[in-house]
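Working notes, structure below.
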Amino acid sequence: MITVTLEEARNRLPELLNLTATGNRVVITDGEKWIGELTPPPPKLPILPPPEEDAALVERRNALIREWSGLRSDAPVPPPEGMGREEYLAKYRVKK
């Protein structure tokens with residue numbers, strides 16, 4: 001940890017920011033009083049793909065939709081473009 005006065009911080013701000021970028025903390029004081037702190041940036045969090053891009057999650061969601069809707073396991077989700085609701089259900093609903 002590096003301690004500097006307010007005046008030093010004003011005069012050395014670019015240098016102090018470079019120090020924080022490399023993991024150092026900088027405490028700014030006014031006399032004996034702690035008035036501020038410069039800290040390193042937080043670590044970057046991994047960027048997770050949206051759930052729609054996770055094939056296993058999408059397939060699980062589609063399986064639940066089929067199960068709850070009483071559809072066969074080969075029913076496409078969502079329904080094919082241009083296929084009406086009644087036609088879709090007649091073709092893919094589980095026969096009892």
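Ordering of the structure tokens sets the chain letters (A, B, ...); residue numbers start at 1 within each chain; ligands are numbered from 1 in the order shown.
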
For range 35-42 of chain A: contacts at 9 Å, only C-alpha atoms, fewer than 4 positions along chain excluded, given as a list of chain:residue names =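 Listing them by chain and then by number gives A:Thr3, A:Leu6, A:Leu16, A:Leu17, A:Leu19, A:Thr20, A:Ala21, A:Thr22, A:Gly23, A:Asn24, A:Arg25, A:Val26, A:Val27, A:Ile28, A:Thr29, A:Asp30.
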
Would you export the selected residues with C-alpha atoms as an mmCIF file, in the first residue's frame, please?
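Final output, saved to result.cif:
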data_model
loop_
_atom_site.group_PDB
_atom_site.id
_atom_site.type_symbol
_atom_site.label_atom_id
_atom_site.label_comp_id
_atom_site.auth_asym_id
_atom_site.auth_seq_id
_atom_site.Cartn_x
_atom_site.Cartn_y
_atom_site.Cartn_z
ATOM 1 C CA THR A 3 0.305 6.545 1.046
ATOM 2 C CA LEU A 6 -3.676 15.120 -1.382
ATOM 3 C CA LEU A 16 -0.613 6.585 -9.206
ATOM 4 C CA LEU A 17 -3.250 5.233 -11.579
ATOM 5 C CA LEU A 19 0.434 1.776 -9.949
ATOM 6 C CA THR A 20 -3.158 0.719 -9.225
ATOM 7 C CA ALA A 21 -3.349 -0.937 -12.628
ATOM 8 C CA THR A 22 -0.520 -3.221 -11.528
ATOM 9 C CA GLY A 23 -2.285 -4.201 -8.291
ATOM 10 C CA ASN A 24 -1.173 -1.520 -5.803
ATOM 11 C CA ARG A 25 -3.489 0.366 -3.458
ATOM 12 C CA VAL A 26 -2.903 4.083 -2.956
ATOM 13 C CA VAL A 27 -4.208 5.838 0.160
ATOM 14 C CA ILE A 28 -4.666 9.611 -0.040
ATOM 15 C CA THR A 29 -4.350 11.611 3.171
ATOM 16 C CA ASP A 30 -4.898 15.177 4.273
#

If you run DSSP on the backbone, which residues of chain A are helix (DSSP H, G or I), as a PyMOL selection string?
-> chain A and resi 6-21+51-53+55-69+85-92

Include N, CA and C atoms and write out the residues we just selected as a compact mmCIF listing (two decimals), in the first residue's frame.
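again-v3.txt, freshly written:
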# COMPACT_ATOMS: atom_id res chain seq x y z
N LEU A 6 -2.75 14.64 -0.36
CA LEU A 6 -3.68 15.12 -1.38
C LEU A 6 -2.92 15.89 -2.47
N GLU A 7 -1.98 16.71 -2.06
CA GLU A 7 -1.20 17.48 -3.04
C GLU A 7 -0.38 16.56 -3.93
N GLU A 8 0.26 15.54 -3.34
CA GLU A 8 1.02 14.57 -4.14
C GLU A 8 0.11 13.85 -5.12
N ALA A 9 -1.08 13.49 -4.65
CA ALA A 9 -2.03 12.78 -5.52
C ALA A 9 -2.40 13.65 -6.72
N ARG A 10 -2.62 14.92 -6.48
CA ARG A 10 -2.95 15.84 -7.59
C ARG A 10 -1.82 15.91 -8.61
N ASN A 11 -0.60 15.96 -8.10
CA ASN A 11 0.56 16.11 -8.98
C ASN A 11 0.98 14.82 -9.67
N ARG A 12 0.66 13.67 -9.07
CA ARG A 12 1.15 12.38 -9.58
C ARG A 12 0.03 11.45 -10.03
N LEU A 13 -1.14 11.98 -10.28
CA LEU A 13 -2.29 11.12 -10.55
C LEU A 13 -2.05 10.09 -11.66
N PRO A 14 -1.51 10.46 -12.83
CA PRO A 14 -1.27 9.42 -13.86
C PRO A 14 -0.36 8.30 -13.36
N GLU A 15 0.69 8.66 -12.65
CA GLU A 15 1.62 7.66 -12.11
C GLU A 15 0.90 6.76 -11.09
N LEU A 16 0.10 7.35 -10.23
CA LEU A 16 -0.61 6.58 -9.21
C LEU A 16 -1.64 5.65 -9.84
N LEU A 17 -2.29 6.10 -10.88
CA LEU A 17 -3.25 5.23 -11.58
C LEU A 17 -2.53 4.06 -12.24
N ASN A 18 -1.35 4.30 -12.78
CA ASN A 18 -0.56 3.19 -13.34
C ASN A 18 -0.19 2.18 -12.25
N LEU A 19 0.11 2.68 -11.06
CA LEU A 19 0.43 1.78 -9.95
C LEU A 19 -0.78 0.92 -9.57
N THR A 20 -1.96 1.51 -9.56
CA THR A 20 -3.16 0.72 -9.22
C THR A 20 -3.44 -0.31 -10.31
N ALA A 21 -3.13 0.01 -11.54
CA ALA A 21 -3.35 -0.94 -12.63
C ALA A 21 -2.49 -2.18 -12.48
N PRO A 51 -28.09 -18.24 -22.15
CA PRO A 51 -28.67 -19.58 -22.05
C PRO A 51 -29.09 -20.15 -23.40
N GLU A 52 -29.53 -19.30 -24.31
CA GLU A 52 -29.97 -19.79 -25.62
C GLU A 52 -28.83 -20.46 -26.39
N GLU A 53 -27.59 -20.11 -26.07
CA GLU A 53 -26.46 -20.68 -26.79
C GLU A 53 -25.95 -21.98 -26.15
N ALA A 55 -26.45 -25.52 -25.69
CA ALA A 55 -27.26 -26.54 -26.37
C ALA A 55 -27.95 -27.47 -25.38
N ALA A 56 -27.26 -27.87 -24.32
CA ALA A 56 -27.86 -28.79 -23.35
C ALA A 56 -29.04 -28.13 -22.64
N LEU A 57 -28.89 -26.85 -22.31
CA LEU A 57 -29.97 -26.13 -21.64
C LEU A 57 -31.16 -25.96 -22.57
N VAL A 58 -30.89 -25.62 -23.82
CA VAL A 58 -31.97 -25.45 -24.80
C VAL A 58 -32.71 -26.77 -24.99
N GLU A 59 -31.99 -27.87 -25.09
CA GLU A 59 -32.63 -29.17 -25.28
C GLU A 59 -33.46 -29.55 -24.07
N ARG A 60 -32.96 -29.26 -22.86
CA ARG A 60 -33.72 -29.56 -21.64
C ARG A 60 -35.01 -28.74 -21.61
N ARG A 61 -34.90 -27.46 -21.96
CA ARG A 61 -36.09 -26.60 -22.01
C ARG A 61 -37.10 -27.15 -23.01
N ASN A 62 -36.62 -27.52 -24.19
CA ASN A 62 -37.53 -28.05 -25.22
C ASN A 62 -38.17 -29.36 -24.78
N ALA A 63 -37.42 -30.21 -24.08
CA ALA A 63 -37.98 -31.47 -23.58
C ALA A 63 -39.09 -31.20 -22.58
N LEU A 64 -38.89 -30.21 -21.72
CA LEU A 64 -39.94 -29.86 -20.75
C LEU A 64 -41.17 -29.31 -21.45
N ILE A 65 -40.96 -28.47 -22.46
CA ILE A 65 -42.10 -27.94 -23.22
C ILE A 65 -42.87 -29.09 -23.85
N ARG A 66 -42.16 -30.06 -24.44
CA ARG A 66 -42.84 -31.21 -25.06
C ARG A 66 -43.63 -32.00 -24.01
N GLU A 67 -42.98 -32.25 -22.87
CA GLU A 67 -43.63 -33.03 -21.82
C GLU A 67 -44.89 -32.32 -21.31
N TRP A 68 -44.79 -31.05 -21.00
CA TRP A 68 -45.92 -30.30 -20.46
C TRP A 68 -47.04 -30.13 -21.48
N SER A 69 -46.67 -30.11 -22.75
CA SER A 69 -47.66 -29.91 -23.81
C SER A 69 -48.23 -31.22 -24.33
N ARG A 85 -51.30 -24.06 -35.50
CA ARG A 85 -51.37 -24.73 -34.20
C ARG A 85 -52.06 -26.08 -34.29
N GLU A 86 -53.22 -26.12 -34.93
CA GLU A 86 -53.99 -27.36 -35.01
C GLU A 86 -53.24 -28.44 -35.80
N GLU A 87 -52.62 -28.04 -36.89
CA GLU A 87 -51.83 -28.99 -37.69
C GLU A 87 -50.65 -29.53 -36.87
N TYR A 88 -49.99 -28.64 -36.15
CA TYR A 88 -48.85 -29.03 -35.32
C TYR A 88 -49.29 -30.03 -34.24
N LEU A 89 -50.36 -29.71 -33.54
CA LEU A 89 -50.83 -30.60 -32.48
C LEU A 89 -51.31 -31.94 -33.03
N ALA A 90 -51.99 -31.91 -34.18
CA ALA A 90 -52.47 -33.16 -34.78
C ALA A 90 -51.30 -34.06 -35.17
N LYS A 91 -50.21 -33.44 -35.62
CA LYS A 91 -49.07 -34.22 -36.08
C LYS A 91 -48.19 -34.71 -34.93
N TYR A 92 -48.02 -33.89 -33.87
CA TYR A 92 -47.02 -34.21 -32.87
C TYR A 92 -47.57 -34.54 -31.47

What does the distance from CA of Leu71 in chain A to CA of Val94 in chain A come to in Å, to one decimal?
-> 5.3 Å

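For the atom pair formed by CA of Pro76 in chain A and CA of Lys95 in chain A, the distance is 16.6 Å, given to one decimal.
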
Mind giving me the straight-line distance from CA of Val4 in chain A to CA of Trp34 in chain A in Å, one decimal?
-> 9.8 Å

Write out as a PDB file with C-alpha atoms, in the first residue's frame all residues of chain A that backbone DSSP assigns to strand (DSSP E or B).
ATOM      1  CA  ILE A   2       1.269   3.435  -0.938  1.00  0.00           C
ATOM      2  CA  THR A   3       0.305   6.545   1.046  1.00  0.00           C
ATOM      3  CA  VAL A   4       0.401  10.015  -0.508  1.00  0.00           C
ATOM      4  CA  THR A   5      -0.860  13.432   0.486  1.00  0.00           C
ATOM      5  CA  VAL A  26      -2.903   4.083  -2.956  1.00  0.00           C
ATOM      6  CA  VAL A  27      -4.208   5.838   0.160  1.00  0.00           C
ATOM      7  CA  ILE A  28      -4.666   9.611  -0.040  1.00  0.00           C
ATOM      8  CA  THR A  29      -4.350  11.611   3.171  1.00  0.00           C
ATOM      9  CA  ASP A  30      -4.898  15.177   4.273  1.00  0.00           C
ATOM     10  CA  LYS A  33      -6.735  12.023   7.976  1.00  0.00           C
ATOM     11  CA  TRP A  34      -7.428   9.301   5.388  1.00  0.00           C
ATOM     12  CA  ILE A  35      -9.588  10.949   2.725  1.00  0.00           C
ATOM     13  CA  GLY A  36      -9.536   8.508  -0.156  1.00  0.00           C
ATOM     14  CA  GLU A  37      -8.128   5.428  -1.756  1.00  0.00           C
ATOM     15  CA  LEU A  38      -7.272   4.348  -5.281  1.00  0.00           C
ATOM     16  CA  LEU A  71     -46.063 -33.714 -27.446  1.00  0.00           C
ATOM     17  CA  ARG A  93     -49.402 -34.721 -29.926  1.00  0.00           C
TER      18      ARG A  93
END
